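Chemist: The following block contains the structure, expressed as structure tokens.
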Amino acid sequence: MSAAPLKIMIVDDEPPIRKLLRMGLSTQGYDILEASNGRIALDLLEQEPALIILDLGLPDIQGHDLLRMIRGRNDSVPIVVLSSRGDEAGKVQALDLGADDYLTKPFGIDELLARMRAALRHQLQVHGERPVFRSGELAVDLVRRVVRVGDKEVRLSPKEYDLLRILVQHAGKVLTHKFLLAELWDSLTDAQYLRVYVRQLRQKIETDPERPQFVLTETGIGYRLRAPDETVKATTGLVRTLLDRN
């Protein structure tokens, strides 16, 4: 599903490092794939990770060779390389081979998260998807998974966020009940479940949930998230109406 948590693949032959990364990244809402060597990593590529954390010191395939193989199969997935402190030449070679960034061991989890966000943001920009969606007072950071209305951060449940993310990815487009149900649930077909989450989402992001400005109902069809240019048009129309009245 397009709104599923991002998959991060950790490629490292040291169990303590993999455990540290798994625990740190899982708390941020990422799904973790683990590979203890290069062969496993190549197999896991089929699961389409959103980002790869790659240790260059692997037992079966030399790290730079593996990086080259990954790039041969996927030229866009962000790769953050882990390297030893003194291996400057190795870092340069990794970047030349297509790595997006690198970290030197030992490293802090906060620094890793920052590097990951930067790499993911760049990848979104390359593919034409804005990492931060804005429509009026609504702002959705697709990398950090942060939602704001004005200056206030809004806390959403996982399912509410999944719904909003899908709407953001298709902003301005009418999404049918069937499409949204299929994206959010594996087997549910009753649109009432969807209406419940739409109502909950509106309660959190709309100034007046009974007269929504962002999540719009297309009667009998589904829902649509107001696109940024629509917000501008709506505001301009309101100003013109007020001027006409005066």
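Lettering and numbering for the structure tokens are positional, with chains as A, B, ... in the shown order, residues counted from 1 in each chain, and ligands counted from 1 in the shown order.
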Per DSSP on the backbone, filter segment 11-134 of chain A down to the residues in alpha helix (DSSP H) and report them as a CSV table (one decimal) with all heavy atoms, in the first residue's frame.
Modeler:
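Resulting contents of part-v9.csv:
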chain,number,residue,atom,x,y,z
A,15,PRO,N,25.6,-8.2,14.8
A,15,PRO,CA,24.3,-8.3,15.4
A,15,PRO,C,24.0,-7.1,16.4
A,15,PRO,O,22.9,-6.6,16.4
A,15,PRO,CB,24.3,-9.6,16.2
A,15,PRO,CG,25.2,-10.5,15.4
A,15,PRO,CD,26.3,-9.5,14.9
A,16,PRO,N,25.0,-6.7,17.2
A,16,PRO,CA,24.7,-5.6,18.1
A,16,PRO,C,24.3,-4.3,17.3
A,16,PRO,O,23.5,-3.5,17.8
A,16,PRO,CB,26.0,-5.4,18.9
A,16,PRO,CG,26.7,-6.7,18.8
A,16,PRO,CD,26.3,-7.2,17.5
A,17,ILE,N,25.0,-4.0,16.2
A,17,ILE,CA,24.7,-2.8,15.4
A,17,ILE,C,23.3,-3.0,14.8
A,17,ILE,O,22.5,-2.0,14.8
A,17,ILE,CB,25.7,-2.7,14.3
A,17,ILE,CG1,27.1,-2.4,14.9
A,17,ILE,CG2,25.3,-1.5,13.4
A,17,ILE,CD1,27.2,-1.1,15.6
A,18,ARG,N,23.0,-4.1,14.3
A,18,ARG,CA,21.6,-4.3,13.7
A,18,ARG,C,20.6,-4.1,14.8
A,18,ARG,O,19.5,-3.5,14.5
A,18,ARG,CB,21.5,-5.7,13.1
A,18,ARG,CG,22.4,-5.9,11.8
A,18,ARG,CD,21.8,-7.0,10.9
A,18,ARG,NE,21.6,-8.2,11.6
A,18,ARG,CZ,22.5,-9.2,11.9
A,18,ARG,NH1,23.8,-9.0,11.4
A,18,ARG,NH2,22.3,-10.3,12.5
A,19,LYS,N,20.8,-4.7,16.0
A,19,LYS,CA,19.8,-4.5,17.1
A,19,LYS,C,19.7,-3.1,17.4
A,19,LYS,O,18.5,-2.6,17.6
A,19,LYS,CB,20.3,-5.3,18.3
A,19,LYS,CG,19.3,-5.2,19.5
A,19,LYS,CD,19.8,-6.1,20.6
A,19,LYS,CE,18.8,-6.0,21.8
A,19,LYS,NZ,19.3,-6.8,23.0
A,20,LEU,N,20.8,-2.3,17.6
A,20,LEU,CA,20.7,-0.9,17.9
A,20,LEU,C,19.9,-0.1,16.9
A,20,LEU,O,19.0,0.7,17.2
A,20,LEU,CB,22.1,-0.3,18.0
A,20,LEU,CG,22.2,1.2,18.1
A,20,LEU,CD1,21.7,1.6,19.5
A,20,LEU,CD2,23.7,1.6,17.9
A,21,LEU,N,20.2,-0.4,15.6
A,21,LEU,CA,19.5,0.3,14.5
A,21,LEU,C,18.0,-0.1,14.5
A,21,LEU,O,17.1,0.7,14.3
A,21,LEU,CB,20.1,0.0,13.2
A,21,LEU,CG,21.5,0.6,13.0
A,21,LEU,CD1,22.1,0.2,11.7
A,21,LEU,CD2,21.5,2.1,13.1
A,22,ARG,N,17.7,-1.4,14.6
A,22,ARG,CA,16.3,-1.9,14.6
A,22,ARG,C,15.5,-1.2,15.7
A,22,ARG,O,14.4,-0.7,15.5
A,22,ARG,CB,16.3,-3.4,14.8
A,22,ARG,CG,14.9,-4.0,14.8
A,22,ARG,CD,14.9,-5.5,14.8
A,22,ARG,NE,15.4,-6.0,16.1
A,22,ARG,CZ,16.6,-6.6,16.3
A,22,ARG,NH1,17.4,-6.8,15.3
A,22,ARG,NH2,16.9,-7.0,17.5
A,23,MET,N,16.1,-1.1,16.9
A,23,MET,CA,15.3,-0.6,18.0
A,23,MET,C,15.1,0.9,17.8
A,23,MET,O,14.0,1.5,18.0
A,23,MET,CB,16.1,-0.8,19.3
A,23,MET,CG,16.1,-2.3,19.7
A,23,MET,SD,17.1,-2.6,21.2
A,23,MET,CE,16.2,-1.6,22.4
A,24,GLY,N,16.2,1.6,17.4
A,24,GLY,CA,16.1,3.1,17.2
A,24,GLY,C,15.2,3.5,16.1
A,24,GLY,O,14.4,4.4,16.2
A,25,LEU,N,15.2,2.7,15.0
A,25,LEU,CA,14.4,3.1,13.8
A,25,LEU,C,12.9,2.7,14.0
A,25,LEU,O,12.0,3.3,13.5
A,25,LEU,CB,15.0,2.5,12.6
A,25,LEU,CG,16.4,3.0,12.2
A,25,LEU,CD1,16.8,2.4,10.9
A,25,LEU,CD2,16.4,4.5,12.1
A,26,SER,N,12.7,1.5,14.7
A,26,SER,CA,11.3,1.1,14.9
A,26,SER,C,10.5,2.1,15.7
A,26,SER,O,9.3,2.2,15.5
A,26,SER,CB,11.4,-0.3,15.6
A,26,SER,OG,11.9,-1.3,14.8
A,38,GLY,N,25.9,-9.6,2.1
A,38,GLY,CA,25.5,-9.0,0.8
A,38,GLY,C,24.4,-9.8,0.1
A,38,GLY,O,23.6,-9.3,-0.6
A,39,ARG,N,24.5,-11.2,0.1
A,39,ARG,CA,23.6,-12.0,-0.6
A,39,ARG,C,22.2,-11.8,-0.1
A,39,ARG,O,21.2,-11.7,-0.9
A,39,ARG,CB,24.0,-13.5,-0.5
A,39,ARG,CG,25.4,-13.8,-1.1
A,39,ARG,CD,25.3,-13.6,-2.6
A,39,ARG,NE,26.7,-13.8,-3.2
A,39,ARG,CZ,27.0,-13.5,-4.4
A,39,ARG,NH1,26.1,-12.9,-5.2
A,39,ARG,NH2,28.2,-13.7,-4.9
A,40,ILE,N,22.0,-11.8,1.2
A,40,ILE,CA,20.7,-11.6,1.8
A,40,ILE,C,20.2,-10.2,1.4
A,40,ILE,O,19.0,-10.0,1.0
A,40,ILE,CB,20.7,-11.7,3.3
A,40,ILE,CG1,21.1,-13.1,3.7
A,40,ILE,CG2,19.4,-11.3,3.9
A,40,ILE,CD1,21.3,-13.3,5.2
A,41,ALA,N,21.1,-9.2,1.4
A,41,ALA,CA,20.7,-7.8,1.0
A,41,ALA,C,20.1,-7.8,-0.5
A,41,ALA,O,19.1,-7.2,-0.7
A,41,ALA,CB,21.9,-6.9,1.1
A,42,LEU,N,20.8,-8.5,-1.4
A,42,LEU,CA,20.3,-8.5,-2.8
A,42,LEU,C,19.0,-9.2,-2.9
A,42,LEU,O,18.1,-8.7,-3.7
A,42,LEU,CB,21.4,-9.2,-3.6
A,42,LEU,CG,22.7,-8.5,-3.8
A,42,LEU,CD1,23.7,-9.4,-4.6
A,42,LEU,CD2,22.5,-7.2,-4.5
A,43,ASP,N,18.8,-10.2,-2.1
A,43,ASP,CA,17.4,-10.9,-2.1
A,43,ASP,C,16.4,-9.9,-1.6
A,43,ASP,O,15.2,-9.9,-2.1
A,43,ASP,CB,17.5,-12.2,-1.3
A,43,ASP,CG,18.3,-13.3,-1.9
A,43,ASP,OD1,18.5,-13.2,-3.1
A,43,ASP,OD2,18.7,-14.2,-1.2
A,44,LEU,N,16.7,-9.2,-0.5
A,44,LEU,CA,15.7,-8.3,0.1
A,44,LEU,C,15.4,-7.1,-0.7
A,44,LEU,O,14.4,-6.4,-0.5
A,44,LEU,CB,16.2,-7.8,1.5
A,44,LEU,CG,16.2,-8.9,2.6
A,44,LEU,CD1,16.8,-8.3,3.9
A,44,LEU,CD2,14.8,-9.4,2.8
A,63,GLY,N,32.0,-4.3,0.3
A,63,GLY,CA,30.9,-3.3,0.4
A,63,GLY,C,30.7,-2.5,-0.9
A,63,GLY,O,29.6,-2.2,-1.3
A,64,HIS,N,31.8,-2.0,-1.5
A,64,HIS,CA,31.7,-1.2,-2.7
A,64,HIS,C,31.2,-2.0,-3.9
A,64,HIS,O,30.4,-1.5,-4.7
A,64,HIS,CB,33.1,-0.6,-3.1
A,64,HIS,CG,33.5,0.4,-2.1
A,64,HIS,ND1,34.5,0.1,-1.1
A,64,HIS,CD2,33.2,1.7,-1.9
A,64,HIS,CE1,34.7,1.2,-0.4
A,64,HIS,NE2,33.9,2.1,-0.8
A,65,ASP,N,31.5,-3.3,-3.9
A,65,ASP,CA,31.0,-4.2,-5.0
A,65,ASP,C,29.5,-4.3,-4.8
A,65,ASP,O,28.7,-4.3,-5.8
A,65,ASP,CB,31.6,-5.5,-5.0
A,65,ASP,CG,33.1,-5.5,-5.4
A,65,ASP,OD1,33.4,-4.5,-6.2
A,65,ASP,OD2,33.9,-6.4,-5.1
A,66,LEU,N,29.0,-4.5,-3.5
A,66,LEU,CA,27.6,-4.6,-3.3
A,66,LEU,C,26.9,-3.3,-3.6
A,66,LEU,O,25.8,-3.4,-4.2
A,66,LEU,CB,27.4,-5.0,-1.8
A,66,LEU,CG,25.9,-5.1,-1.4
A,66,LEU,CD1,25.2,-6.2,-2.2
A,66,LEU,CD2,25.8,-5.4,0.1
A,67,LEU,N,27.5,-2.2,-3.3
A,67,LEU,CA,26.9,-0.9,-3.6
A,67,LEU,C,26.7,-0.8,-5.2
A,67,LEU,O,25.6,-0.4,-5.6
A,67,LEU,CB,27.7,0.2,-3.1
A,67,LEU,CG,27.3,1.6,-3.4
A,67,LEU,CD1,25.9,1.9,-3.0
A,67,LEU,CD2,28.3,2.6,-2.8
A,68,ARG,N,27.7,-1.3,-5.9
A,68,ARG,CA,27.6,-1.2,-7.3
A,68,ARG,C,26.5,-2.2,-7.8
A,68,ARG,O,25.7,-1.8,-8.8
A,68,ARG,CB,28.9,-1.7,-8.0
A,68,ARG,CG,29.0,-1.5,-9.5
A,68,ARG,CD,30.4,-1.9,-10.0
A,68,ARG,NE,31.5,-1.0,-9.5
A,68,ARG,CZ,32.4,-1.4,-8.6
A,68,ARG,NH1,32.3,-2.5,-8.0
A,68,ARG,NH2,33.3,-0.5,-8.3
A,69,MET,N,26.3,-3.3,-7.2
A,69,MET,CA,25.3,-4.3,-7.6
A,69,MET,C,23.9,-3.7,-7.3
A,69,MET,O,23.0,-3.8,-8.1
A,69,MET,CB,25.4,-5.6,-6.8
A,69,MET,CG,26.7,-6.4,-7.2
A,69,MET,SD,26.8,-7.9,-6.2
A,69,MET,CE,28.4,-8.5,-6.7
A,70,ILE,N,23.8,-3.1,-6.1
A,70,ILE,CA,22.5,-2.5,-5.8
A,70,ILE,C,22.1,-1.4,-6.8
A,70,ILE,O,21.0,-1.3,-7.2
A,70,ILE,CB,22.5,-1.9,-4.3
A,70,ILE,CG1,22.6,-3.0,-3.3
A,70,ILE,CG2,21.3,-1.1,-4.0
A,70,ILE,CD1,22.9,-2.6,-1.9
A,71,ARG,N,23.1,-0.5,-7.1
A,71,ARG,CA,22.8,0.5,-8.1
A,71,ARG,C,22.4,0.0,-9.4
A,71,ARG,O,21.7,0.6,-10.2
A,71,ARG,CB,24.0,1.5,-8.1
A,71,ARG,CG,24.0,2.5,-7.0
A,71,ARG,CD,22.9,3.5,-7.2
A,71,ARG,NE,22.7,4.4,-6.1
A,71,ARG,CZ,21.7,4.4,-5.3
A,71,ARG,NH1,20.7,3.5,-5.5
A,71,ARG,NH2,21.6,5.3,-4.3
A,72,GLY,N,23.0,-1.2,-9.8
A,72,GLY,CA,22.6,-1.8,-11.0
A,72,GLY,C,21.2,-2.3,-11.1
A,72,GLY,O,20.6,-2.3,-12.2
A,73,ARG,N,20.6,-2.6,-9.9
A,73,ARG,CA,19.3,-3.1,-9.9
A,73,ARG,C,18.3,-1.9,-9.5
A,73,ARG,O,17.1,-2.0,-9.8
A,73,ARG,CB,19.1,-4.2,-8.8
A,73,ARG,CG,20.0,-5.4,-9.1
A,73,ARG,CD,19.8,-6.5,-8.1
A,73,ARG,NE,20.7,-7.6,-8.3
A,73,ARG,CZ,20.5,-8.8,-7.8
A,73,ARG,NH1,19.5,-9.0,-6.9
A,73,ARG,NH2,21.4,-9.8,-8.0
A,88,GLU,N,38.8,7.3,4.7
A,88,GLU,CA,38.3,8.4,3.9
A,88,GLU,C,38.2,8.0,2.4
A,88,GLU,O,37.2,8.4,1.7
A,88,GLU,CB,39.3,9.6,4.0
A,88,GLU,CG,39.4,10.2,5.4
A,88,GLU,CD,38.0,10.8,5.8
A,88,GLU,OE1,37.3,11.3,4.9
A,88,GLU,OE2,37.7,10.7,7.0
A,89,ALA,N,39.2,7.2,1.9
A,89,ALA,CA,39.1,6.8,0.5
A,89,ALA,C,37.9,5.9,0.2
A,89,ALA,O,37.2,6.1,-0.8
A,89,ALA,CB,40.4,6.0,0.1
A,90,GLY,N,37.5,5.1,1.2
A,90,GLY,CA,36.4,4.3,1.1
A,90,GLY,C,35.1,5.1,1.0
A,90,GLY,O,34.1,4.7,0.2
A,91,LYS,N,35.0,6.2,1.8
A,91,LYS,CA,33.8,7.0,1.8
A,91,LYS,C,33.7,7.7,0.4
A,91,LYS,O,32.6,7.8,-0.2
A,91,LYS,CB,33.9,8.1,2.9
A,91,LYS,CG,34.0,7.5,4.3
A,91,LYS,CD,34.3,8.6,5.3
A,91,LYS,CE,34.5,8.1,6.7
A,91,LYS,NZ,35.0,9.1,7.6
A,92,VAL,N,34.8,8.2,-0.1
A,92,VAL,CA,34.8,8.9,-1.4
A,92,VAL,C,34.3,7.9,-2.5
A,92,VAL,O,33.5,8.3,-3.3
A,92,VAL,CB,36.1,9.5,-1.7
A,92,VAL,CG1,36.1,10.0,-3.2
A,92,VAL,CG2,36.5,10.6,-0.7
A,93,GLN,N,34.9,6.7,-2.5
A,93,GLN,CA,34.5,5.7,-3.5
A,93,GLN,C,33.1,5.4,-3.4
A,93,GLN,O,32.4,5.2,-4.4
A,93,GLN,CB,35.4,4.5,-3.3
A,93,GLN,CG,35.1,3.4,-4.4
A,93,GLN,CD,36.0,2.2,-4.2
A,93,GLN,OE1,36.8,2.1,-3.3
A,93,GLN,NE2,35.8,1.2,-5.1
A,94,ALA,N,32.6,5.2,-2.2
A,94,ALA,CA,31.1,4.9,-2.0
A,94,ALA,C,30.2,6.0,-2.6
A,94,ALA,O,29.3,5.7,-3.2
A,94,ALA,CB,30.8,4.7,-0.5
A,95,LEU,N,30.6,7.3,-2.3
A,95,LEU,CA,29.8,8.4,-2.9
A,95,LEU,C,29.9,8.4,-4.4
A,95,LEU,O,28.9,8.7,-5.0
A,95,LEU,CB,30.3,9.7,-2.2
A,95,LEU,CG,30.1,9.9,-0.7
A,95,LEU,CD1,30.8,11.1,-0.2
A,95,LEU,CD2,28.6,9.9,-0.4
A,96,ASP,N,31.1,8.1,-4.9
A,96,ASP,CA,31.2,8.1,-6.4
A,96,ASP,C,30.4,7.0,-7.0
A,96,ASP,O,29.9,7.1,-8.1
A,96,ASP,CB,32.7,7.9,-6.7
A,96,ASP,CG,33.5,9.1,-6.5
A,96,ASP,OD1,32.9,10.2,-6.4
A,96,ASP,OD2,34.8,9.0,-6.4
A,109,ILE,N,22.2,7.9,17.0
A,109,ILE,CA,21.0,7.6,16.3
A,109,ILE,C,20.3,8.8,15.8
A,109,ILE,O,19.7,8.8,14.7
A,109,ILE,CB,20.0,6.7,17.2
A,109,ILE,CG1,18.8,6.2,16.3
A,109,ILE,CG2,19.4,7.6,18.3
A,109,ILE,CD1,19.3,5.1,15.4
A,110,ASP,N,20.4,9.9,16.5
A,110,ASP,CA,19.8,11.2,16.1
A,110,ASP,C,20.5,11.7,14.8
A,110,ASP,O,19.8,12.2,13.9
A,110,ASP,CB,19.9,12.3,17.1
A,110,ASP,CG,19.0,12.0,18.3
A,110,ASP,OD1,18.0,11.2,18.1
A,110,ASP,OD2,19.2,12.5,19.4
A,111,GLU,N,21.8,11.5,14.7
A,111,GLU,CA,22.5,11.9,13.5
A,111,GLU,C,22.1,11.1,12.3
A,111,GLU,O,21.9,11.5,11.2
A,111,GLU,CB,24.0,11.9,13.7
A,111,GLU,CG,24.8,12.3,12.5
A,111,GLU,CD,26.3,12.2,12.7
A,111,GLU,OE1,26.8,11.7,13.7
A,111,GLU,OE2,27.0,12.7,11.7
A,112,LEU,N,22.0,9.8,12.6
A,112,LEU,CA,21.5,8.9,11.5
A,112,LEU,C,20.1,9.2,11.0
A,112,LEU,O,19.9,9.3,9.8
A,112,LEU,CB,21.5,7.4,12.0
A,112,LEU,CG,20.9,6.4,11.1
A,112,LEU,CD1,21.7,6.3,9.7
A,112,LEU,CD2,20.9,5.0,11.7
A,113,LEU,N,19.2,9.5,11.9
A,113,LEU,CA,17.9,9.9,11.5
A,113,LEU,C,17.9,11.2,10.7
A,113,LEU,O,17.1,11.3,9.7
A,113,LEU,CB,17.0,10.1,12.7
A,113,LEU,CG,16.6,8.8,13.5
A,113,LEU,CD1,16.0,9.1,14.8
A,113,LEU,CD2,15.6,7.9,12.7
A,114,ALA,N,18.7,12.1,11.0
A,114,ALA,CA,18.8,13.3,10.3
A,114,ALA,C,19.3,13.1,8.9
A,114,ALA,O,18.8,13.6,7.9
A,114,ALA,CB,19.7,14.3,11.0
A,115,ARG,N,20.3,12.2,8.7
A,115,ARG,CA,20.9,11.9,7.4
A,115,ARG,C,19.9,11.1,6.6
A,115,ARG,O,19.7,11.3,5.4
A,115,ARG,CB,22.1,11.0,7.6
A,115,ARG,CG,23.3,11.7,8.4
A,115,ARG,CD,23.9,12.9,7.7
A,115,ARG,NE,25.0,13.4,8.4
A,115,ARG,CZ,26.2,13.1,8.3
A,115,ARG,NH1,26.6,12.2,7.4
A,115,ARG,NH2,27.2,13.7,9.0
A,116,MET,N,19.1,10.2,7.2
A,116,MET,CA,18.1,9.5,6.5
A,116,MET,C,17.0,10.4,6.0
A,116,MET,O,16.6,10.3,4.9
A,116,MET,CB,17.4,8.4,7.5
A,116,MET,CG,18.3,7.3,7.8
A,116,MET,SD,17.6,6.2,9.1
A,116,MET,CE,16.0,5.8,8.4
A,117,ARG,N,16.5,11.4,6.8
A,117,ARG,CA,15.5,12.3,6.4
A,117,ARG,C,16.0,13.1,5.2
A,117,ARG,O,15.2,13.4,4.3
A,117,ARG,CB,15.1,13.2,7.6
A,117,ARG,CG,14.3,12.5,8.6
A,117,ARG,CD,13.6,13.6,9.6
A,117,ARG,NE,14.6,14.3,10.3
A,117,ARG,CZ,15.0,13.9,11.6
A,117,ARG,NH1,14.5,12.9,12.1
A,117,ARG,NH2,15.9,14.7,12.2
A,118,ALA,N,17.3,13.5,5.2
A,118,ALA,CA,17.8,14.3,4.1
A,118,ALA,C,17.8,13.5,2.8
A,118,ALA,O,17.4,14.0,1.8
A,118,ALA,CB,19.2,14.8,4.5
A,119,ALA,N,18.2,12.2,3.0
A,119,ALA,CA,18.3,11.4,1.8
A,119,ALA,C,16.9,11.1,1.2
A,119,ALA,O,16.7,11.1,0.0
A,119,ALA,CB,19.0,10.1,2.1
A,120,LEU,N,15.9,10.8,2.1
A,120,LEU,CA,14.6,10.6,1.7
A,120,LEU,C,13.9,11.8,1.1
A,120,LEU,O,13.2,11.7,0.1
A,120,LEU,CB,13.7,10.1,2.9
A,120,LEU,CG,14.0,8.7,3.4
A,120,LEU,CD1,13.4,8.5,4.8
A,120,LEU,CD2,13.5,7.7,2.4
A,121,ARG,N,14.2,13.0,1.7
A,121,ARG,CA,13.7,14.2,1.1
A,121,ARG,C,14.2,14.5,-0.3
A,121,ARG,O,13.4,14.9,-1.2
A,121,ARG,CB,14.0,15.4,2.0
A,121,ARG,CG,13.4,16.7,1.7
A,121,ARG,CD,13.7,17.8,2.7
A,121,ARG,NE,13.1,17.5,4.0
A,121,ARG,CZ,13.7,17.2,5.1
A,121,ARG,NH1,15.1,17.1,5.1
A,121,ARG,NH2,13.1,16.9,6.2
A,122,HIS,N,15.5,14.2,-0.5
A,122,HIS,CA,16.1,14.4,-1.8
A,122,HIS,C,15.4,13.4,-2.8
A,122,HIS,O,15.1,13.8,-4.0
A,122,HIS,CB,17.6,14.1,-1.8
A,122,HIS,CG,18.2,14.2,-3.1
A,122,HIS,ND1,18.6,13.1,-3.9
A,122,HIS,CD2,18.6,15.3,-3.9
A,122,HIS,CE1,19.1,13.5,-5.0
A,122,HIS,NE2,19.2,14.8,-5.0
A,123,GLN,N,15.2,12.2,-2.4
A,123,GLN,CA,14.6,11.2,-3.3
A,123,GLN,C,13.2,11.6,-3.7
A,123,GLN,O,12.7,11.5,-4.8
A,123,GLN,CB,14.6,9.8,-2.6
A,123,GLN,CG,14.3,8.7,-3.6
A,123,GLN,CD,13.0,8.0,-3.4
A,123,GLN,OE1,12.2,8.4,-2.6
A,123,GLN,NE2,12.9,6.9,-4.1
A,124,LEU,N,12.4,12.2,-2.7
A,124,LEU,CA,11.1,12.6,-3.0
A,124,LEU,C,11.1,13.8,-4.1
A,124,LEU,O,10.3,13.8,-5.0
A,124,LEU,CB,10.4,13.1,-1.7
A,124,LEU,CG,9.9,12.0,-0.8
A,124,LEU,CD1,9.5,12.7,0.5
A,124,LEU,CD2,8.8,11.2,-1.4
A,125,GLN,N,12.1,14.7,-3.9
A,125,GLN,CA,12.2,15.8,-4.8
A,125,GLN,C,12.6,15.4,-6.2
A,125,GLN,O,12.0,15.9,-7.2
A,125,GLN,CB,13.2,16.8,-4.2
A,125,GLN,CG,12.8,17.5,-3.0
A,125,GLN,CD,13.9,18.3,-2.3
A,125,GLN,OE1,15.1,18.0,-2.5
A,125,GLN,NE2,13.5,19.3,-1.5
A,126,VAL,N,13.4,14.4,-6.3
A,126,VAL,CA,13.9,13.8,-7.6
A,126,VAL,C,12.7,13.3,-8.3
A,126,VAL,O,12.5,13.4,-9.5
A,126,VAL,CB,14.9,12.7,-7.4
A,126,VAL,CG1,15.2,12.0,-8.7
A,126,VAL,CG2,16.3,13.4,-7.0
Chemist: Please identify every residue of segment 21-67 of chain A that has at least one atom no farther than 12 Å from an atom of segment 135-146 of chain A, counting only C-alpha atoms, and for each give the shortest atom pair and the distance in Å to one decimal, arranged by chain then increasing number, as JSON lines.
Modeler:
{"residue": "A:Gln28", "atom": "CA", "partner": "A:Arg144", "partner_atom": "CA", "distance": 8.9}
{"residue": "A:Gly29", "atom": "CA", "partner": "A:Arg145", "partner_atom": "CA", "distance": 9.0}
{"residue": "A:Tyr30", "atom": "CA", "partner": "A:Arg145", "partner_atom": "CA", "distance": 10.7}
{"residue": "A:Ala50", "atom": "CA", "partner": "A:Val143", "partner_atom": "CA", "distance": 11.0}
{"residue": "A:Leu51", "atom": "CA", "partner": "A:Val143", "partner_atom": "CA", "distance": 11.8}
Chemist: Write out as a ChimeraX atom specification which residues come within 12 Å of segment 152-160 of chain A when counting only C-alpha atoms, dropping same-chain ones fewer than 3 positions away.
Modeler: /A:3-5,29,137-141,145-149,163-167,180-181,183-185,193-206
Chemist: Smallest atom-to-atom distance to Gly220 of chain A: which of A:Asn74, A:Gln62, A:Thr176, A:Thr207, using only C-alpha atoms?
Modeler: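 The shortest atom-to-atom distance to Gly220 of chain A comes from A:Thr176.
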Chemist: Could you find all residues in segment 111-196 of chain A that DSSP calls strand (DSSP E or B) from the backbone, and write them as a compact mmCIF listing (two decimals) with C-alpha atoms, in the first residue's frame?
Modeler:
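Wrote part09.txt, looks like this:
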# COMPACT_ATOMS: atom_id res chain seq x y z
CA VAL A 132 6.21 18.91 2.63
CA PHE A 133 2.66 19.38 1.36
CA ARG A 134 0.95 22.68 2.14
CA SER A 135 -2.62 23.71 1.56
CA LEU A 138 -2.40 22.57 6.63
CA ALA A 139 1.17 21.25 6.32
CA VAL A 140 2.08 17.56 6.04
CA ASP A 141 5.76 16.53 6.20
CA VAL A 146 4.46 15.45 11.04
CA VAL A 147 1.12 17.19 10.51
CA ARG A 148 0.53 20.84 11.42
CA VAL A 149 -2.41 23.20 11.22
CA LYS A 152 -0.02 23.62 16.06
CA GLU A 153 1.21 20.06 15.60
CA VAL A 154 -1.65 17.60 15.20
CA LEU A 175 -10.55 9.20 -4.65
CA THR A 176 -13.40 6.71 -4.61
Chemist: For atom CA of Thr219 of chain A and atom CA of Gly150 of chain A, determine how far apart the two atoms are, in Å to one decimal place.
Modeler: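 Atom CA of Gly150 of chain A lies 28.3 Å from atom CA of Thr219 of chain A.
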Chemist: Pick from A:Ser84, A:Thr27, A:Ser36, A:Ser76: nearest to Glu48 of chain A, with only C-alpha atoms counted?
Modeler: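 Answer, going by the shortest atom-to-atom distance: A:Ser76.
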Chemist: Just the residues within 8 Å of Asn37 of chain A, please, counting only C-alpha atoms, with nothing from its chain fewer than 3 positions along; format it as a list of chain:residue names.
Modeler: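 Listed by chain and then number, they are A:Val11, A:Asp12, A:Asp13, A:Ile40, A:Ala41, A:Leu58, A:Pro59, A:Asp60, A:Ile61.
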Chemist: Would you please work out which residue, of A:Ser187, A:Phe107, A:Gln47, A:Met9, is nearest to Ile32 of chain A when using only C-alpha atoms?
Modeler: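 Of A:Ser187, A:Phe107, A:Gln47, A:Met9, the one nearest Ile32 of chain A is A:Met9, counting only C-alpha atoms.
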